[in-house]
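> Coordinates in target.cif, mmCIF, C-alpha atoms, are listed below.
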data_final
loop_
_atom_site.label_atom_id
_atom_site.label_comp_id
_atom_site.auth_asym_id
_atom_site.auth_seq_id
_atom_site.Cartn_x
_atom_site.Cartn_y
_atom_site.Cartn_z
CA MET Z 1 77.16 56.35 79.07
CA GLU Z 2 79.00 56.51 82.41
CA ASP Z 3 76.06 57.50 84.63
CA GLU Z 4 73.44 55.42 82.93
CA LYS Z 5 71.43 52.95 84.99
CA GLY Z 6 70.78 49.48 83.63
CA ILE Z 7 67.50 48.67 81.90
CA LEU Z 8 65.12 45.97 83.05
CA PHE Z 9 63.98 43.88 80.09
CA ILE Z 10 61.05 41.52 80.54
CA LEU Z 11 60.74 38.67 78.05
CA SER Z 12 57.36 37.05 78.29
CA GLY Z 13 54.68 35.46 76.15
CA PRO Z 14 52.20 32.62 76.06
CA SER Z 15 52.89 29.17 77.39
CA GLY Z 16 54.72 27.07 74.80
CA VAL Z 17 55.99 29.98 72.68
CA GLY Z 18 59.64 29.11 73.39
CA LYS Z 19 60.64 31.79 75.92
CA GLY Z 20 63.24 29.56 77.56
CA THR Z 21 64.88 28.57 74.28
CA VAL Z 22 65.12 32.18 73.08
CA ARG Z 23 66.44 33.34 76.43
CA LYS Z 24 69.15 30.66 76.41
CA ALA Z 25 70.23 31.50 72.86
CA LEU Z 26 70.30 35.20 73.75
CA PHE Z 27 72.58 34.57 76.72
CA GLU Z 28 74.86 32.26 74.76
CA GLN Z 29 75.42 35.06 72.23
CA ASP Z 30 76.15 37.66 74.88
CA PRO Z 31 77.55 36.16 78.10
CA ALA Z 32 77.76 39.64 79.66
CA LEU Z 33 73.98 39.88 79.94
CA GLN Z 34 72.60 39.52 83.43
CA TYR Z 35 69.83 37.00 83.71
CA SER Z 36 67.64 36.95 86.74
CA ILE Z 37 66.92 33.38 87.74
CA SER Z 38 63.44 32.75 89.06
CA VAL Z 39 62.39 30.73 92.05
CA THR Z 40 59.76 28.07 91.46
CA THR Z 41 57.96 25.33 93.30
CA ARG Z 42 57.46 23.18 90.22
CA LYS Z 43 59.50 20.00 89.83
CA PRO Z 44 62.62 20.18 87.65
CA ARG Z 45 62.15 18.82 84.12
CA VAL Z 46 64.76 16.51 82.60
CA GLY Z 47 67.92 18.54 81.92
CA GLU Z 48 67.06 21.42 84.24
CA THR Z 49 69.56 22.38 86.92
CA ASN Z 50 68.89 24.09 90.25
CA GLY Z 51 70.51 27.56 90.33
CA VAL Z 52 70.82 27.63 86.54
CA ASP Z 53 67.33 27.22 85.10
CA TYR Z 54 65.50 28.01 88.32
CA PHE Z 55 65.94 28.02 92.05
CA PHE Z 56 63.74 25.06 92.91
CA LYS Z 57 62.08 25.75 96.28
CA SER Z 58 59.37 24.27 98.45
CA LYS Z 59 55.95 25.91 98.64
CA GLU Z 60 56.71 26.99 102.21
CA GLU Z 61 59.98 28.67 101.25
CA VAL Z 62 58.39 30.70 98.44
CA GLU Z 63 55.45 31.72 100.60
CA GLU Z 64 57.93 32.99 103.18
CA MET Z 65 59.67 35.08 100.48
CA ILE Z 66 56.32 36.52 99.37
CA GLU Z 67 55.48 37.45 102.94
CA GLN Z 68 58.88 39.14 103.39
CA ASN Z 69 58.31 41.07 100.14
CA GLU Z 70 61.45 39.58 98.65
CA LEU Z 71 59.94 38.89 95.23
CA ILE Z 72 59.58 41.56 92.52
CA GLU Z 73 56.76 39.45 91.13
CA TYR Z 74 55.31 36.05 91.65
CA ALA Z 75 52.58 33.99 90.09
CA GLU Z 76 50.77 30.78 90.72
CA TYR Z 77 50.63 28.95 87.43
CA VAL Z 78 49.08 25.52 86.92
CA GLY Z 79 49.40 24.95 90.65
CA ASN Z 80 53.00 26.15 91.11
CA TYR Z 81 54.69 29.36 92.23
CA TYR Z 82 57.13 31.28 90.01
CA GLY Z 83 58.86 34.41 91.33
CA THR Z 84 61.74 36.85 90.85
CA PRO Z 85 64.10 37.83 93.70
CA LYS Z 86 63.94 41.60 94.21
CA ALA Z 87 67.40 42.35 95.62
CA TYR Z 88 69.27 40.92 92.64
CA VAL Z 89 67.35 43.03 90.13
CA GLU Z 90 67.75 46.29 92.01
CA GLU Z 91 71.47 45.87 92.66
CA THR Z 92 72.24 44.96 89.07
CA LEU Z 93 70.36 47.93 87.61
CA LYS Z 94 72.08 50.27 90.03
CA ALA Z 95 75.45 48.94 88.90
CA GLY Z 96 74.58 50.05 85.35
CA LYS Z 97 73.87 46.56 84.02
CA ASP Z 98 70.77 45.44 82.19
CA VAL Z 99 68.65 42.72 83.74
CA PHE Z 100 66.65 40.17 81.78
CA LEU Z 101 63.61 38.49 83.20
CA GLU Z 102 62.04 35.60 81.35
CA ILE Z 103 58.71 35.11 83.01
CA GLU Z 104 55.10 34.11 82.55
CA VAL Z 105 52.56 36.76 81.56
CA GLN Z 106 51.01 37.02 85.02
CA GLY Z 107 54.38 37.84 86.52
CA ALA Z 108 55.20 40.35 83.79
CA MET Z 109 52.08 42.33 84.67
CA GLN Z 110 53.20 42.54 88.30
CA VAL Z 111 56.61 43.77 87.21
CA LYS Z 112 54.88 46.39 85.10
CA LYS Z 113 53.13 47.66 88.21
CA ASN Z 114 56.38 47.75 90.21
CA PHE Z 115 58.75 48.80 87.38
CA PRO Z 116 56.76 50.70 84.74
CA GLU Z 117 60.11 51.88 83.32
CA GLY Z 118 60.94 48.29 82.34
CA VAL Z 119 60.91 47.30 78.68
CA PHE Z 120 58.30 44.63 78.04
CA ILE Z 121 58.83 42.22 75.15
CA PHE Z 122 56.10 39.80 74.11
CA LEU Z 123 57.27 36.68 72.31
CA PHE Z 124 54.67 35.69 69.74
CA PRO Z 125 54.27 32.28 68.11
CA PRO Z 126 54.87 32.08 64.33
CA SER Z 127 51.36 30.70 64.08
CA LEU Z 128 48.78 29.77 66.66
CA GLU Z 129 48.43 26.28 65.25
CA GLU Z 130 52.10 25.79 65.98
CA LEU Z 131 51.71 27.04 69.54
CA LYS Z 132 48.96 24.48 70.02
CA ASN Z 133 51.16 21.71 68.67
CA ARG Z 134 54.12 22.75 70.80
CA ILE Z 135 52.05 22.64 73.97
CA ILE Z 136 50.68 19.20 73.06
CA ASP Z 137 54.10 17.88 71.94
CA ARG Z 138 55.91 18.95 75.08
CA GLY Z 139 54.69 15.60 76.36
CA THR Z 140 55.50 16.27 79.97
CA GLU Z 141 51.94 17.11 80.95
CA THR Z 142 48.75 15.14 81.45
CA GLU Z 143 45.82 15.71 79.06
CA ASN Z 144 44.15 17.90 81.65
CA LEU Z 145 47.24 20.09 82.01
CA VAL Z 146 47.46 20.47 78.22
CA LYS Z 147 43.88 21.75 78.17
CA ASN Z 148 44.67 24.17 80.99
CA ARG Z 149 47.76 25.41 79.19
CA LEU Z 150 45.84 26.08 75.99
CA LEU Z 151 43.25 28.11 77.88
CA GLU Z 152 46.02 30.02 79.65
CA ALA Z 153 47.81 30.68 76.35
CA LYS Z 154 44.70 32.27 74.90
CA LYS Z 155 44.30 34.55 77.94
CA GLU Z 156 48.01 35.40 77.78
CA ILE Z 157 47.87 36.46 74.13
CA ASP Z 158 45.08 38.85 75.06
CA MET Z 159 47.62 40.61 77.32
CA MET Z 160 49.80 41.60 74.37
CA ASP Z 161 48.53 45.18 74.49
CA GLU Z 162 50.34 45.70 77.79
CA TYR Z 163 53.75 45.19 76.16
CA ASP Z 164 56.17 47.58 74.46
CA TYR Z 165 57.38 45.19 71.76
CA VAL Z 166 56.14 42.08 70.01
CA VAL Z 167 58.79 39.70 68.66
CA VAL Z 168 57.79 36.74 66.49
CA ASN Z 169 59.57 33.52 67.37
CA ASP Z 170 59.60 32.23 63.79
CA GLN Z 171 63.27 31.23 64.11
CA VAL Z 172 65.16 31.37 67.40
CA LYS Z 173 68.12 33.10 65.71
CA LYS Z 174 65.92 35.81 64.23
CA ALA Z 175 64.01 36.33 67.46
CA VAL Z 176 67.30 36.71 69.35
CA SER Z 177 68.59 39.22 66.81
CA ARG Z 178 65.39 41.29 67.12
CA ILE Z 179 65.68 41.30 70.90
CA GLN Z 180 69.33 42.40 70.63
CA SER Z 181 68.20 45.28 68.41
CA ILE Z 182 65.61 46.29 70.98
CA VAL Z 183 68.33 46.35 73.66
CA VAL Z 184 70.64 48.58 71.58
CA SER Z 185 67.77 50.80 70.54
CA GLU Z 186 66.49 51.29 74.08
CA HIS Z 187 69.96 52.43 75.11
CA CYS Z 188 69.76 55.14 72.42
CA LYS Z 189 66.42 56.50 73.62
CA ARG Z 190 66.66 60.22 74.05
CA GLU Z 191 64.95 60.32 77.45
CA ARG Z 192 67.53 57.88 78.81
CA VAL Z 193 70.66 59.59 77.50
CA SER Z 194 69.98 63.30 77.03
CA LYS Z 195 71.03 64.16 80.58
CA GLN Z 196 74.55 62.81 80.02
CA TYR Z 197 74.90 64.56 76.69
CA LYS Z 198 73.80 67.84 78.16
CA LYS Z 199 76.43 67.43 80.84
CA ALA Z 200 79.03 66.99 78.10
CA LEU Z 201 77.69 70.09 76.38
CA GLY Z 202 78.10 72.18 79.50
CA ARG Z 203 81.86 71.53 79.51
CA VAL Z 204 82.54 73.02 76.08
CA ASP Z 205 82.49 76.54 74.74
CA LEU Z 206 81.37 76.36 71.12
CA MET P 1 53.84 42.08 58.47
CA GLU P 2 51.72 42.13 55.30
CA ASP P 3 49.57 45.16 56.08
CA GLU P 4 52.22 47.23 57.77
CA LYS P 5 52.93 50.73 56.47
CA GLY P 6 56.50 51.91 56.09
CA ILE P 7 58.13 54.00 58.80
CA LEU P 8 59.54 57.46 58.20
CA PHE P 9 62.99 57.75 59.84
CA ILE P 10 64.53 61.18 60.18
CA LEU P 11 68.29 61.32 60.65
CA SER P 12 69.40 64.75 61.75
CA GLY P 13 71.88 66.48 64.01
CA PRO P 14 74.14 69.49 64.22
CA SER P 15 76.12 70.85 61.34
CA GLY P 16 79.40 68.93 60.96
CA VAL P 17 78.35 65.83 62.91
CA GLY P 18 78.69 63.56 59.86
CA LYS P 19 75.07 62.95 58.86
CA GLY P 20 75.94 62.48 55.19
CA THR P 21 78.73 59.99 55.88
CA VAL P 22 76.56 57.90 58.19
CA ARG P 23 73.64 57.98 55.78
CA LYS P 24 75.86 56.80 52.90
CA ALA P 25 77.33 53.95 54.97
CA LEU P 26 73.84 52.93 56.07
CA PHE P 27 72.62 52.73 52.49
CA GLU P 28 75.69 50.86 51.30
CA GLN P 29 74.96 48.18 53.92
CA ASP P 30 71.33 47.87 52.96
CA PRO P 31 70.63 48.84 49.35
CA ALA P 32 66.93 48.09 49.82
CA LEU P 33 66.47 51.14 52.04
CA GLN P 34 64.61 54.03 50.45
CA TYR P 35 66.42 57.31 50.74
CA SER P 36 64.58 60.53 50.07
CA ILE P 37 66.82 62.89 48.16
CA SER P 38 66.48 66.54 49.10
CA VAL P 39 66.28 69.53 46.84
CA THR P 40 68.74 72.34 47.55
CA THR P 41 69.79 75.67 46.13
CA ARG P 42 73.34 75.39 47.42
CA LYS P 43 76.17 74.77 44.96
CA PRO P 44 77.37 71.16 44.61
CA ARG P 45 80.59 70.35 46.51
CA VAL P 46 83.36 68.38 44.86
CA GLY P 47 82.19 64.77 44.38
CA GLU P 48 78.49 65.54 44.73
CA THR P 49 76.15 64.44 41.92
CA ASN P 50 72.79 65.92 40.99
CA GLY P 51 69.99 63.39 41.58
CA VAL P 52 72.19 61.31 43.87
CA ASP P 53 73.33 63.57 46.71
CA TYR P 54 70.75 66.29 46.11
CA PHE P 55 68.52 67.69 43.44
CA PHE P 56 70.33 70.96 42.82
CA LYS P 57 67.74 73.62 41.94
CA SER P 58 67.58 77.36 41.47
CA LYS P 59 66.10 79.58 44.15
CA GLU P 60 63.11 80.28 41.92
CA GLU P 61 62.41 76.59 41.35
CA VAL P 62 62.43 75.77 45.08
CA GLU P 63 60.26 78.78 45.93
CA GLU P 64 57.74 77.55 43.38
CA MET P 65 57.73 74.09 45.05
CA ILE P 66 57.18 75.70 48.46
CA GLU P 67 54.27 77.73 47.12
CA GLN P 68 52.71 74.62 45.56
CA ASN P 69 53.08 72.79 48.90
CA GLU P 70 55.24 70.12 47.26
CA LEU P 71 57.80 69.95 50.07
CA ILE P 72 57.29 68.00 53.29
CA GLU P 73 59.76 70.38 54.89
CA TYR P 74 62.15 73.06 53.83
CA ALA P 75 64.70 75.25 55.52
CA GLU P 76 66.85 78.19 54.69
CA TYR P 77 70.28 77.41 56.05
CA VAL P 78 73.33 79.62 55.69
CA GLY P 79 71.59 81.35 52.81
CA ASN P 80 70.38 78.27 50.92
CA TYR P 81 67.15 76.27 50.68
CA TYR P 82 67.00 72.57 51.55
CA GLY P 83 63.72 70.66 51.12
CA THR P 84 62.10 67.22 50.86
CA PRO P 85 59.67 66.30 48.08
CA LYS P 86 56.33 65.29 49.61
CA ALA P 87 54.96 62.89 46.98
CA TYR P 88 57.92 60.53 47.10
CA VAL P 89 57.71 60.09 50.87
CA GLU P 90 53.98 59.43 50.97
CA GLU P 91 54.00 56.93 48.11
CA THR P 92 56.89 54.97 49.54
CA LEU P 93 55.34 54.68 53.02
CA LYS P 94 52.05 53.56 51.52
CA ALA P 95 53.88 50.83 49.61
CA GLY P 96 55.09 49.46 52.96
CA LYS P 97 58.67 50.67 52.59
CA ASP P 98 60.60 52.71 55.12
CA VAL P 99 61.81 56.16 54.10
CA PHE P 100 64.98 57.78 55.39
CA LEU P 101 65.41 61.52 55.51
CA GLU P 102 68.80 62.97 56.29
CA ILE P 103 68.13 66.61 56.97
CA GLU P 104 69.14 69.65 58.96
CA VAL P 105 67.56 70.23 62.36
CA GLN P 106 65.24 73.01 61.17
CA GLY P 107 63.77 70.69 58.55
CA ALA P 108 63.41 67.83 61.01
CA MET P 109 61.23 70.01 63.23
CA GLN P 110 58.90 70.75 60.32
CA VAL P 111 58.65 67.03 59.55
CA LYS P 112 57.78 66.46 63.19
CA LYS P 113 54.83 68.85 62.81
CA ASN P 114 53.64 67.16 59.61
CA PHE P 115 54.55 63.54 60.51
CA PRO P 116 54.59 63.18 64.31
CA GLU P 117 54.54 59.40 63.78
CA GLY P 118 58.03 59.61 62.25
CA VAL P 119 61.02 58.28 64.18
CA PHE P 120 63.48 61.06 64.91
CA ILE P 121 67.15 60.17 65.33
CA PHE P 122 69.65 62.78 66.50
CA LEU P 123 73.25 62.15 65.52
CA PHE P 124 75.52 63.38 68.27
CA PRO P 125 79.24 64.20 67.98
CA PRO P 126 81.65 62.01 69.99
CA SER P 127 82.81 65.23 71.61
CA LEU P 128 81.95 68.84 71.05
CA GLU P 129 85.59 69.78 70.54
CA GLU P 130 85.63 67.36 67.66
CA LEU P 131 82.50 68.88 66.15
CA LYS P 132 84.19 72.28 66.27
CA ASN P 133 87.28 70.91 64.54
CA ARG P 134 85.23 69.15 61.87
CA ILE P 135 83.40 72.34 60.99
CA ILE P 136 86.66 74.28 60.79
CA ASP P 137 88.45 71.48 58.87
CA ARG P 138 85.76 71.10 56.25
CA GLY P 139 87.65 73.91 54.57
CA THR P 140 84.93 74.75 52.08
CA GLU P 141 83.64 77.73 54.01
CA THR P 142 84.85 81.26 54.64
CA GLU P 143 85.74 82.29 58.19
CA ASN P 144 82.40 84.03 58.53
CA LEU P 145 80.50 80.90 57.48
CA VAL P 146 82.47 78.82 59.99
CA LYS P 147 81.38 81.19 62.76
CA ASN P 148 77.77 80.97 61.57
CA ARG P 149 77.94 77.19 61.47
CA LEU P 150 79.28 76.98 65.01
CA LEU P 151 76.47 79.19 66.29
CA GLU P 152 73.93 77.09 64.37
CA ALA P 153 75.43 73.86 65.75
CA LYS P 154 74.93 75.09 69.30
CA LYS P 155 71.28 75.94 68.63
CA GLU P 156 70.81 72.60 66.90
CA ILE P 157 72.12 70.61 69.85
CA ASP P 158 69.58 72.39 72.05
CA MET P 159 66.88 70.77 69.88
CA MET P 160 67.93 67.27 70.95
CA ASP P 161 64.93 67.00 73.31
CA GLU P 162 62.59 66.92 70.33
CA TYR P 163 64.04 63.61 69.12
CA ASP P 164 63.20 59.97 69.89
CA TYR P 165 66.75 58.63 69.80
CA VAL P 166 70.27 59.95 70.23
CA VAL P 167 73.05 58.09 68.40
CA VAL P 168 76.69 58.96 69.01
CA ASN P 169 78.77 59.14 65.85
CA ASP P 170 81.96 57.93 67.54
CA GLN P 171 82.64 55.52 64.67
CA VAL P 172 80.60 55.49 61.49
CA LYS P 173 80.29 51.70 61.61
CA LYS P 174 78.97 51.75 65.17
CA ALA P 175 76.57 54.61 64.47
CA VAL P 176 75.21 52.71 61.44
CA SER P 177 74.76 49.55 63.51
CA ARG P 178 72.85 51.49 66.19
CA ILE P 179 70.57 53.03 63.57
CA GLN P 180 69.93 49.59 62.07
CA SER P 181 68.93 48.36 65.52
CA ILE P 182 66.53 51.27 65.89
CA VAL P 183 64.93 50.33 62.56
CA VAL P 184 64.46 46.67 63.56
CA SER P 185 63.24 47.65 67.02
CA GLU P 186 60.70 50.17 65.71
CA HIS P 187 59.25 47.44 63.51
CA CYS P 188 58.69 45.32 66.63
CA LYS P 189 56.79 48.05 68.51
CA ARG P 190 53.57 46.67 69.79
CA GLU P 191 51.41 49.61 68.68
CA ARG P 192 52.60 49.06 65.08
CA VAL P 193 52.09 45.31 64.87
CA SER P 194 49.38 44.26 67.34
CA LYS P 195 46.58 44.76 64.81
CA GLN P 196 48.07 42.19 62.43
CA TYR P 197 48.70 39.69 65.20
CA LYS P 198 45.15 40.01 66.43
CA LYS P 199 43.93 39.30 62.93
CA ALA P 200 45.99 36.10 62.93
CA LEU P 201 44.50 35.21 66.33
CA GLY P 202 40.96 35.59 64.98
CA ARG P 203 41.56 32.82 62.46
CA VAL P 204 42.46 30.11 64.98
CA ASP P 205 40.45 28.16 67.51
CA LEU P 206 42.75 27.42 70.43
#
Represent the structure from my file as structure tokens, please.


Amino acid sequence: MEDEKGILFILSGPSGVGKGTVRKALFEQDPALQYSISVTTRKPRVGETNGVDYFFKSKEEVEEMIEQNELIEYAEYVGNYYGTPKAYVEETLKAGKDVFLEIEVQGAMQVKKNFPEGVFIFLFPPSLEELKNRIIDRGTETENLVKNRLLEAKKEIDMMDEYDYVVVNDQVKKAVSRIQSIVVSEHCKRERVSKQYKKALGRVDL
Amino acid sequence: MEDEKGILFILSGPSGVGKGTVRKALFEQDPALQYSISVTTRKPRVGETNGVDYFFKSKEEVEEMIEQNELIEYAEYVGNYYGTPKAYVEETLKAGKDVFLEIEVQGAMQVKKNFPEGVFIFLFPPSLEELKNRIIDRGTETENLVKNRLLEAKKEIDMMDEYDYVVVNDQVKKAVSRIQSIVVSEHCKRERVSKQYKKALGRVDL
């Protein structure tokens, strides 16, 4: 696998599906994974740390990054910016390491335009009633924001067809295990590895 | 996953790569997997059981099956027939169970023609020197057969581009784990599952 470039994995899905929880569990299981931390203009929630969960930036700072083309994707979502720093992703892939992005659906679609070779994983709620309850129960939003989030979630689920994989978040542990299988499996894809194997073949006289 | 059809997985690779060993280890780990037993006209090796490793048949019997179109694939390999019974595969897939075929490369290519929706896994030797040694060390063949097998192996490796995945058989345990990941991952592919999820979506008013 010496010459192989890293793979860009994009974990996305509707608002409230539990992307952050699954991503955290995934990275706890495998500390070698490279996670790309997003920039955002939204206020930190209780327990969130700058530089760990997000880079919390001002609106002006993020708009400057957009202008300088320093974001691989960005989205405005419920009045805030979310974006992914470009340089980090490119350098990590080049070094042969996989990169994980956990982002909103809007951002994932921009990444798809810029990196069609990325592997796009859609996290799906175990049931849509539960998604609804999770959004309501989050309790950090006003009634108006809850309504907005529900409308967004519906639009986001309609984007499922743009993804390579759909993983049900019925249990975090199971969802993580499925994502780990997708990572292993993608590294076995013939179009990714056949070049190296053919090189090996060239060295031997059967 | 209620409505989902089973997936046909084809495990193949060059002569001597260890297909049989990997397949056995895979089925020991997961007894629920459905393995399609091949028919063959070759003589049983020591330790092989009729109806477990193969259905050992006469040349006439297999030729009759071919004529009746009862084989999903068949190949003549080093003077013997190897083939896969059609009815078993189709019934098992319909029942929502995955089917595993462990077959020679020639047979895999016929399956690809008949079942392009199958998932084709190419087992690759850790090194080509080792493949050569394994073929020589098997010790059940005459010198002439060894030479034939080496020539076949080279042709077979050239067929790698026809496969979906390449799995290195560096250690049986690792190869099995990679194949298990491919199975899980294939069941998460969006084009397989999106129909069911959309059905679920239809039932809920967000």

> For the structure provided, state which residues fall under the PyMOL selection byres ((chain P) within 6 of (chain Z)), and present them as a list of chain:residue names.

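Applying the expression gives P:Asp164, P:Tyr165, P:Val166, P:Val167, P:Ser181, P:Ile182, P:Ser185, P:Cys188, P:Lys189, P:Arg190.
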
> Run the PyMOL selection byres ((chain Z and resi 73) around 10) on the file and write out the hits as a short mmCIF file (atom, residue, chain, number, x, y, z; two decimals) with C-alpha atoms, keeping the file's coordinate frame.


data_model
loop_
_atom_site.label_atom_id
_atom_site.label_comp_id
_atom_site.auth_asym_id
_atom_site.auth_seq_id
_atom_site.Cartn_x
_atom_site.Cartn_y
_atom_site.Cartn_z
CA SER Z 38 63.44 32.75 89.06
CA ILE Z 66 56.32 36.52 99.37
CA ASN Z 69 58.31 41.07 100.14
CA GLU Z 70 61.45 39.58 98.65
CA LEU Z 71 59.94 38.89 95.23
CA ILE Z 72 59.58 41.56 92.52
CA TYR Z 74 55.31 36.05 91.65
CA ALA Z 75 52.58 33.99 90.09
CA TYR Z 82 57.13 31.28 90.01
CA GLY Z 83 58.86 34.41 91.33
CA THR Z 84 61.74 36.85 90.85
CA PRO Z 85 64.10 37.83 93.70
CA LYS Z 86 63.94 41.60 94.21
CA ILE Z 103 58.71 35.11 83.01
CA GLN Z 106 51.01 37.02 85.02
CA GLY Z 107 54.38 37.84 86.52
CA ALA Z 108 55.20 40.35 83.79
CA MET Z 109 52.08 42.33 84.67
CA GLN Z 110 53.20 42.54 88.30
CA VAL Z 111 56.61 43.77 87.21
CA LYS Z 112 54.88 46.39 85.10
CA LYS Z 113 53.13 47.66 88.21
CA ASN Z 114 56.38 47.75 90.21
#

> Check the smallest atom-to-atom distance from each of P:Thr49, P:Met65, P:Gly118, P:Lys155 to P:Glu90 using all atoms listed in the file, then report the winner.

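Looking at the shortest contact to P:Glu90, the residue is P:Gly118.
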
> Name the residues in contact with Z:Lys97 at a cut-off of 10 Å, using only C-alpha atoms, excluding same-chain residues fewer than 4 positions from it; report them as an MDAnalysis selection string.

chainID Z and resid 4:8 32:34 89 91:93

> Can you spell out as a ChimeraX atom specification the set of residues that the PyMOL selection byres ((chain Z and resi 26) around 12) selects in the structure I just provided?

/Z:11,19-25,27-35,100,102,172-181,183

> Please report the interatomic distance between atom CA of Z:Tyr77 and atom CA of Z:Asn148 in Å with one decimal.

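Atom CA of Z:Asn148 lies 10.0 Å from atom CA of Z:Tyr77.
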
> Would you work out the distance separating atom CA of P:Pro116 from atom CA of P:Val62, expressed in Å to one decimal?

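We find that atom CA of P:Pro116 and atom CA of P:Val62 lie 24.3 Å from each other.
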
> Mind giving me the straight-line distance from atom CA of P:Gly16 to atom CA of P:Ala87 in Å, one decimal?

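A separation of 28.8 Å between them.
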
> Using all atoms listed in the file for the distances, tell me which of Z:Arg42, Z:Lys57, Z:Lys94, Z:Arg134 is nearest to Z:Gly79.

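Among the listed residues, the smallest separation from Z:Gly79 belongs to Z:Arg42.
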